[in-house]
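Report on one structure; see the data block that follows.
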Amino acid sequence: MPYDVYLNVAVGGLLTGLVYGLMALGLSVIFGVVRVVNFAHGEMMSIAMYLAVVLFSAFHLDPLIMMVPIAAVLFVFGYALQSGLINPFITRPEHSQFLLLVALAIIIVNTLLIVFGPDARTVQTAYAFDSFQLGALIVAAAKVYAAAAAILFAALLFAFFRFTLIGKAIRACADNYTGALVVGLNVNRLYALTFGIGAACVGAAGVMMTLIVDVTPMIGPTYTLLAFVIVITGGLGSMPGALLGGILIGLTEALAGLLFTPSAKSMFAFGILVLVLLFRPQGILGKRAA
Amino acid sequence: MTALLSLTAVSKRFRGLVAVDGVSFDVAEGALFAVIGPNGAGKTTLFNMIAGAAAPDEGTIVFAGEPIGGLTADAVCRRGIARTFQLVRPFPALSVEDNVVVGALLHRRDVGAARDHAHALLRRLDLFDKRRQRAATLTLPDRKRLEVARALATGPHLLLLDEVMAGLRPTETDRMVATLRDLNREAGVTILLIEHVMRAVMALASRVLVLDHGTVIAEGTPEAIVRDPAVVQSYLGAETG
Amino acid sequence: MAALVARLTDDLSRRTMIWLAALFVALLIAPWVVGDYLVTVLILILYLAYTGQAWNIMMGFAGQLSLGHAIYAGLGAYIAAVLFTRYGVGPWFGLLAAMPVAAGCGAVIGYLAFRFGVTGVYFAILTIAFAEFARIGFDHLGVVNAAAGLFLPVAQYTHNDLWRLRGDPTMFYYVMLAATLAAFVLCRLLIKSRIGYFWLAIREDEEAARAAGIDTFRYKMYAVMISAAVTSFAGVFYAFFYNNLFPEQVFNISQSIQMILGPIIGGVGTLFGPILGAFVLTGLAESLNSALTACGLDLPGAEQVFYGVCLLLVVATLPEGIWPWLARRLGVTELA
């Protein structure tokens, strides 16, 4: 195959990977701080995706514009979820927390199935078929916009954690729970805030994904698994790791889809997961887990 | 007489921090050997290396004539060394009886025989009446006795006790000391213990090793150790009057 | 035989024995008392009870959370089905072939996980990954007809053929009942044996178990392999009962989750938990379906939402499961 086909597919994969990275960033933030394994992560993303689809078909609102409001909605959802349902479970064994979120995931997926049916929905924006051309490189405009939005969102997130007071407080909680309590931080509220932020990330990523893929209720579980593969590969608790993992997986998926059959591309993601769990469980950029 | 347990120049490092530095000593068969020292002296690390929970970076550990450095914890137990934990770890949801049966099953295939052996041990450690209770419901002293029972059930030649007196009131301490002395004398179990409670050390030990900052600063009888100036300075504190 | 029964029941009170006997008789005569449709429902209940019991060996006894158990059933189903459709090999021989394969698959997963220290939630994710791998893989596997599905020939049989597992629902009911009983007996024997004690120790505190001389790697492997082999029979049954297999359904994560609902709701680690959980869950689900149909509503996914809510409620409020609570009420606590 001529090299420019590889190049185009690779770049496409890279751009998609950036959106994946944002999705995984949300999971990393949640796990890094609240230490909850959010098994409903992809399902939360699918809520955002359906919101985008509905708003688009009803009011023709471009997903890129709706990104912020929908992320806000997901923020509230995440905040409420953490303070209402998950917080009482912090002290329970991790199996319990995990199963709680599994239950939530099942409820979300099937409620979406009941409400929207199993057929795929799409968002056909005006620029859906546009593309940019740079020499031999041809990339879909939608992907470029999505990736750009993802980078912007991620940058804002990094800035938040680095420079704002609340961001630092959250990082303190993550580093030292007891210490945070001792200095008077309202840890429960900060946990809820963090979960909300993680949900907002995945919400924004979901909106961007509607520009790239079709939406069905069943993609929730698929993305949950993908998010875990990315976070584990990139390094649990490492925010740059989540982005790096996202790019890596996006790239691998795209190239695997090209070299083998497209429908088998997630097998490669799982292959990578198995390899990482075996040989470098802390991931590429992660610290050695306790 | 060759020692039951023999350590030679054993060292362990944790990323730049030297926890145990060239420690050598012998434990004779049938001894009641105590290891004391200030916090952070490397006592638990030393124990973990003998018990197989950690591997020594340097040196050799020889037990009953065979090297055991670097073996896994379960392999070490099968060789005849049993241990208790500093923070007691019985199997919480299992009954007192079942806790000990687990240990007894190590060298017995038949559950019935294991249970009989467990009952004998529980009687010896005064826990027989509580045998059907869930381990999680026991008081701390009882949980410590349970751990000792479980360790004994594996039929060890050497018993490692990690601060088994910690948290016990003086009367409970004396009771544990008496039990351990009986075990040592009657059942012939060699005991190696880490202890902070000097009351127990003085009453129990035939030989004491003092560690500080990972090295041996003194070794001898309890009476000699207590008077050793280096030990007094680093651990026991100067005498007043 | 008598010695076996004695061993199984030596620590049970009279009361417990009566309850057990009553239950057994009720299940035995059920097909004559209820209609064909309910027999099918009972088959489903027993199927879930069986797979739940098999899963329970790994989780309830050895403490390893598997969320990809569908892979073992799927392997059993496809191996038996392929042997039957291509070579005319009956299901019982197919089972003999399927069990070692399933156990082998379990061994691979177990080895990878336990040698490399993958535990807890990461182990669960690993099991999900393997099941998904199988699902996508089989979707592209020509020998099993890939995504188009594998169909078993359903000729009109005039009589029940136990050897080839062809027949009316009543026959299947008794096969499943026998299997569930066998699984129950197996679990009881295992838990009272040396291996059972070691499993419980590992489940409670793996490091302490090692300090007591238990080779935890080996016993965890046993748990995984036994659990996998027992589950594979369910797959064989599935293949010959439904007569069609699609990788999309057979290896689906919702199958894995359905397998664990019974034990979790009933009580993980208990003997009766999976069975009770299966009864409660399926009973309520069927009632829900009937109610919805009566209202004229056709909501695909409603049943799953219901399962999700049940799981949520149980995990939040009754984490031990329903069975321990019920056992105390009935005075049969030795079976808890």
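Ligands are numbered from 1 in the order shown, residues from 1 within each chain, and chains are lettered A, B, ... in the order they appear in the structure tokens.
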
Contact residues (chain B, partner chain C, 7 Å, only C-alpha atoms) as a JSON list (two decimals) with C-alpha atoms, in the first residue's frame:
```
[["chain", "number", "residue", "atom", "x", "y", "z"],
["B", 73, "ALA", "CA", 7.22, -17.25, 52.51],
["B", 74, "ASP", "CA", 5.24, -20.43, 52.01],
["B", 75, "ALA", "CA", 8.34, -22.42, 51.12],
["B", 77, "CYS", "CA", 7.05, -22.23, 56.34],
["B", 78, "ARG", "CA", 7.09, -25.67, 54.81],
["B", 82, "ALA", "CA", 6.48, -20.22, 61.32],
["B", 83, "ARG", "CA", 5.84, -16.57, 62.06],
["B", 89, "ARG", "CA", -3.58, -11.14, 61.01],
["B", 91, "PHE", "CA", -8.43, -15.00, 59.11],
["B", 92, "PRO", "CA", -11.28, -12.77, 60.25],
["B", 102, "VAL", "CA", -5.61, -24.16, 58.16],
["B", 103, "GLY", "CA", -2.20, -24.28, 59.77],
["B", 105, "LEU", "CA", -3.48, -28.92, 57.25],
["B", 106, "LEU", "CA", -0.04, -27.97, 56.02],
["B", 109, "ARG", "CA", -4.05, -34.42, 54.42],
["B", 111, "VAL", "CA", -9.26, -32.65, 57.81],
["B", 151, "ALA", "CA", 1.74, -20.75, 63.57],
["B", 154, "THR", "CA", 2.23, -25.85, 60.99]]
```

Open item on the list: With only C-alpha atoms as the counted atoms, please give the residues lying no more than 9 Å from C:Gly117, apart from itself and same-chain residues fewer than 4 positions off, as a list in words.
Closed with: Leu277 and Leu278 of chain A; Leu112 and Ala113 of chain C

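Between atom CA of A:Leu259 and atom CA of A:Asp4 the separation is 14.0 Å.
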
Task: Selection: 7 Å around stretch 128-137 of chain A, only C-alpha atoms, excl. self and same-chain fewer than 5 positions, as number ranges by chain - done: A: 4, 7-8, 142

Open item on the list: At a cut-off of 9 Å, which residues of chain C touch chain A? Count only C-alpha atoms and give the answer as a VMD selection string.
Closed with: chain C and resid 65 112 to 113 115 to 118 120 to 122 125 to 126 128 to 130 132 to 134 136 to 137 139 to 140 253 to 254 257 299 to 313 315 to 316 319

Write out the residues from the selection above, keeping C-alpha atoms, as a CSV table (one decimal), in the first residue's frame.
```
chain,number,residue,atom,x,y,z
C,65,LEU,CA,-13.3,-11.6,40.9
C,112,LEU,CA,-0.8,-14.5,33.6
C,113,ALA,CA,-2.6,-12.9,36.5
C,115,ARG,CA,2.6,-14.9,38.3
C,116,PHE,CA,2.6,-11.2,37.4
C,117,GLY,CA,0.7,-10.1,40.5
C,118,VAL,CA,-2.5,-8.9,38.8
C,120,GLY,CA,-8.4,-7.4,42.5
C,121,VAL,CA,-10.0,-5.0,40.0
C,122,TYR,CA,-7.1,-5.4,37.6
C,125,ILE,CA,-10.4,-6.1,33.9
C,126,LEU,CA,-8.1,-8.8,32.6
C,128,ILE,CA,-13.1,-8.9,30.7
C,129,ALA,CA,-10.4,-8.3,28.1
C,130,PHE,CA,-10.0,-12.0,27.5
C,132,GLU,CA,-13.9,-9.6,24.6
C,133,PHE,CA,-10.9,-11.0,22.8
C,134,ALA,CA,-12.8,-14.3,22.4
C,136,ILE,CA,-14.2,-10.6,18.5
C,137,GLY,CA,-12.0,-13.5,17.6
C,139,ASP,CA,-16.7,-13.3,15.2
C,140,HIS,CA,-14.0,-13.8,12.6
C,253,ILE,CA,-20.1,-9.1,28.8
C,254,SER,CA,-23.8,-9.1,29.7
C,257,ILE,CA,-22.6,-10.2,34.3
C,299,LEU,CA,-39.2,-2.5,26.2
C,300,PRO,CA,-36.0,-4.3,25.2
C,301,GLY,CA,-33.5,-3.6,27.9
C,302,ALA,CA,-36.1,-3.2,30.7
C,303,GLU,CA,-35.1,-6.6,32.1
C,304,GLN,CA,-31.4,-5.5,32.2
C,305,VAL,CA,-32.3,-2.2,33.9
C,306,PHE,CA,-34.1,-4.3,36.5
C,307,TYR,CA,-31.0,-6.5,37.0
C,308,GLY,CA,-28.9,-3.4,37.3
C,309,VAL,CA,-31.1,-1.9,40.0
C,310,CYS,CA,-31.2,-5.2,41.9
C,311,LEU,CA,-27.4,-5.4,41.8
C,312,LEU,CA,-27.2,-1.8,43.0
C,313,LEU,CA,-29.7,-2.4,45.9
C,315,VAL,CA,-24.4,-4.1,46.9
C,316,ALA,CA,-25.6,-1.0,48.7
C,319,PRO,CA,-23.7,-6.8,50.7
```

Task: Those in stretch 57-180 of chain B with strand (DSSP E or B) from DSSP, as a list in words - done: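 Answer for stretch 57-180 of chain B, restricted to strand (DSSP E or B): Glu58, Gly59, Thr60, Ile61, Val62, Phe63, Glu66, Pro67, Ile81, Ala82, Arg83, Ser95, Arg134, Leu158, Leu159, Leu160, Leu161 and Asp162 of chain B.
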
TODO: With a distance cut-off of 9 Å and only C-alpha atoms, select the neighbouring residues of B:Met176, excluding the residue or stretch itself and same-chain residues fewer than 4 positions from it, and output the selection as a VMD selection string.
DONE: chain B and resid 141 145 164 to 165 171 to 172 180 to 181 200

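For the pair atom CA of B:Arg123 and atom CA of B:Leu87, the interatomic distance is 23.8 Å.
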
TODO: List every residue of stretch 130-218 of chain A that DSSP, applied to the backbone of this structure, assigns to helix (DSSP H, G or I), and report them as an MDAnalysis selection string.
DONE: chainID A and resid 141:163 165:175 177:182 187:210

- [ ] Give the answer as one residue: which of C:Arg14, C:Arg218, C:Arg166, C:Arg329 has the shortest atom-to-atom distance to C:Tyr242, using only C-alpha atoms?
- [x]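 Between C:Arg14, C:Arg218, C:Arg166, C:Arg329, the residue approaching C:Tyr242 most closely is C:Arg166.
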
Task: Spatial neighbours of B:Lys12, max dist 10 Å, only C-alpha atoms, sep filter under 5 positions, as an MDAnalysis selection string - done: chainID B and resid 17:23 42 45:46 49 54:59 214

Task: Residue nearest B:Ser95 - candidates B:Thr137, B:Asn184, B:Thr173, B:Thr60, atoms counted: only C-alpha atoms - done: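 Ranked by minimum distance to B:Ser95, first place goes to B:Thr137.
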
Task: Neighbour list for B:Val148 as a list in words, cut-off 8 Å, only C-alpha atoms, skip fewer than 4 positions in-chain - done: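 The residues satisfying every condition are Arg83, Thr84, Lys144 and Leu152 of chain B.
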
Put those residues in a file: N, CA and C atoms, as a CSV table (one decimal), in the first residue's frame.
```
chain,number,residue,atom,x,y,z
B,83,ARG,N,5.7,-17.9,61.5
B,83,ARG,CA,5.8,-16.6,62.1
B,83,ARG,C,4.5,-16.0,62.5
B,84,THR,N,4.5,-15.0,63.3
B,84,THR,CA,3.4,-14.2,63.6
B,84,THR,C,3.6,-12.8,63.0
B,144,LYS,N,-3.8,-12.6,69.4
B,144,LYS,CA,-2.4,-12.9,69.4
B,144,LYS,C,-2.2,-14.4,69.7
B,152,LEU,N,1.9,-22.4,65.3
B,152,LEU,CA,2.3,-23.7,65.9
B,152,LEU,C,1.7,-24.9,65.1
```

Open item on the list: Please compute the atom CA of B:Gly70-atom CA of B:Leu193 distance, one decimal, in Å.
Closed with: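 Calculated distance between atom CA of B:Gly70 and atom CA of B:Leu193 is 20.7 Å.
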
- [ ] Pick out the residues sitting within 6 Å of stretch 275-288 of chain C, and hand them over as a list in words; count only C-alpha atoms, and ignore anything fewer than 4 positions along from it in its own chain.
- [x]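 Contacts, in chain order: Ile45, Leu48, Ala49, Gly262, Pro263, Ile265 and Gly266 of chain C.
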
Please produce a file of the residues just selected, as a PDB file, in the first residue's frame, where the atoms kept are C-alpha atoms.
```
ATOM      1  CA  ILE C  45     -33.194 -20.451  36.810  1.00  0.00           C
ATOM      2  CA  LEU C  48     -28.113 -19.406  36.298  1.00  0.00           C
ATOM      3  CA  ALA C  49     -27.877 -21.279  39.589  1.00  0.00           C
ATOM      4  CA  GLY C 262     -27.232 -14.783  41.173  1.00  0.00           C
ATOM      5  CA  PRO C 263     -24.326 -15.308  43.568  1.00  0.00           C
ATOM      6  CA  ILE C 265     -27.640 -11.175  45.189  1.00  0.00           C
ATOM      7  CA  GLY C 266     -27.918 -14.524  46.881  1.00  0.00           C
TER       8      GLY C 266
END
```
